[in-house]
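> Shown below is the structure under consideration.
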Amino acid sequence: MKAKTNVVEQKEGISAGEAYRSPRFYLIAAFAACGGYCISIQVHIPNMAASLGVDLLKTGVVASAASITMMIAKMTNGWVNDRFGTKISVGFFSLFGLAAVLLTGYVLKESPNNAFLFSAIIAGCLGIYFSVPTISPPVISQAIFGGKDYSLIYAKISMFYILASALGGTINGMLFDKNQNYSLNFIVFGVAILLAVFLAFAVSGKTKSKH
């Protein structure tokens with residue numbers, strides 16, 4: 001009897017069909033798409049650093065700053081989500097993405113001598129923000145829809161993330177080619193972050209991870 005009860009508990013939630021008819025499904029899909037677009041800029045970090053005046057030999061170091069901070073932020077993001085809820089985790093870590101936007105604008109405008117330092121800080125902020133699109137969509141999906149058809153539901157949501165990420169890489173390349181700097185890229189990036197935060201707040205309430 002205990003084994004049977006455990007199976008029922010694991011399958012709490014709504015069916016995939018019900019989820020697809022829910023407005024929340026499309027809000028989460030849009031949230032995931034915004035995150036997918038934003039994270040697509042990760043491959044542009046070395047070129048972004050070079051465009052800000054960093055020596056080509058040091059652009060790899062700048063890119064590694066994003067990788068290191070993202071790894072740390074993924075662990076921290078999970079803890080913040082468990083402790084304070086989805087709104088706080090998404091809002092807090094998204095601030096680092098917006099900080100990267102502001103810092104990039106400052107460097108483009110002022111052209112400071114220590115471009116390497118600023119580029120490394122920008123990359124570090126981006127890495128911290130990248131924990132949001134990688135951690136939050138599955139957490140929100142399971143919290144909203146439960147575990148009954150979670151794999152089917154999140155498979156659909158992840159398609160929006162993957163498609164937006166693929167398109168984002170192309171769009172970022174086109175924007176840079178047009179302007180020969182990343183000013184417009186980061187404006188669009190900032191708008192996508194703000195939209196993602198709005199969507200997360202709209203869909204989640206005080207949602208906490210069940211992990």
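Naming scheme: A, B, ... for chains in displayed order of the structure tokens; residues 1 onward per chain; ligands 1 onward as shown.
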Find the residues around region 164-168 of chain A up to 8 Å (only C-alpha atoms counted), leave out those fewer than 5 positions away in its own chain, and share them as a list in words.
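Selected residues are Ala33, Cys34, Gly35, Gly36, Tyr37, Cys38, Ile39, Ser40 and Ile41 of chain A.
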> List the neighbours of Met159 (chain A) out to 9 Å using only C-alpha atoms; skip same-chain residues closer than 3 positions along the sequence, and give me the result as a count of residues only.
9
> Which residue is closest to Ala120 (chain A)? Choose from A:Gly105, A:Pro46, A:Gly97, A:Gly91 and count only C-alpha atoms.
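Under the stated criterion, the closest residue is A:Pro46.
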> What is the distance between CA of Gly124 (chain A) and CA of Gly53 (chain A), in Å to one decimal?
17.3 Å
> Considering only C-alpha atoms, state which residue in the set A:Thr104, A:Thr76, A:Ser136, A:Ser64 is at the smallest distance from Met48 (chain A).
A:Thr104
> Can you list, as a PDB file with C-alpha atoms, in the first residue's frame, every protein, DNA or RNA residue that comes within 7 Å of region 15-17 of chain A when you count only C-alpha atoms, leaving out same-chain residues fewer than 6 positions away?

```pdb
ATOM      1  CA  LYS A 148       2.048  14.323 -13.298  1.00  0.00           C
ATOM      2  CA  ASP A 149       3.056  15.184 -16.881  1.00  0.00           C
ATOM      3  CA  LEU A 152       5.842  16.329 -21.462  1.00  0.00           C
ATOM      4  CA  ILE A 153       4.969  19.861 -20.410  1.00  0.00           C
TER       5      ILE A 153
END
```
> Of the candidates A:Leu56, A:Ile144, A:Thr170, A:Leu184, which shows the shortest atom-to-atom distance to Arg24 (chain A), using only C-alpha atoms?
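Among the listed residues, the smallest separation from Arg24 (chain A) belongs to A:Ile144.
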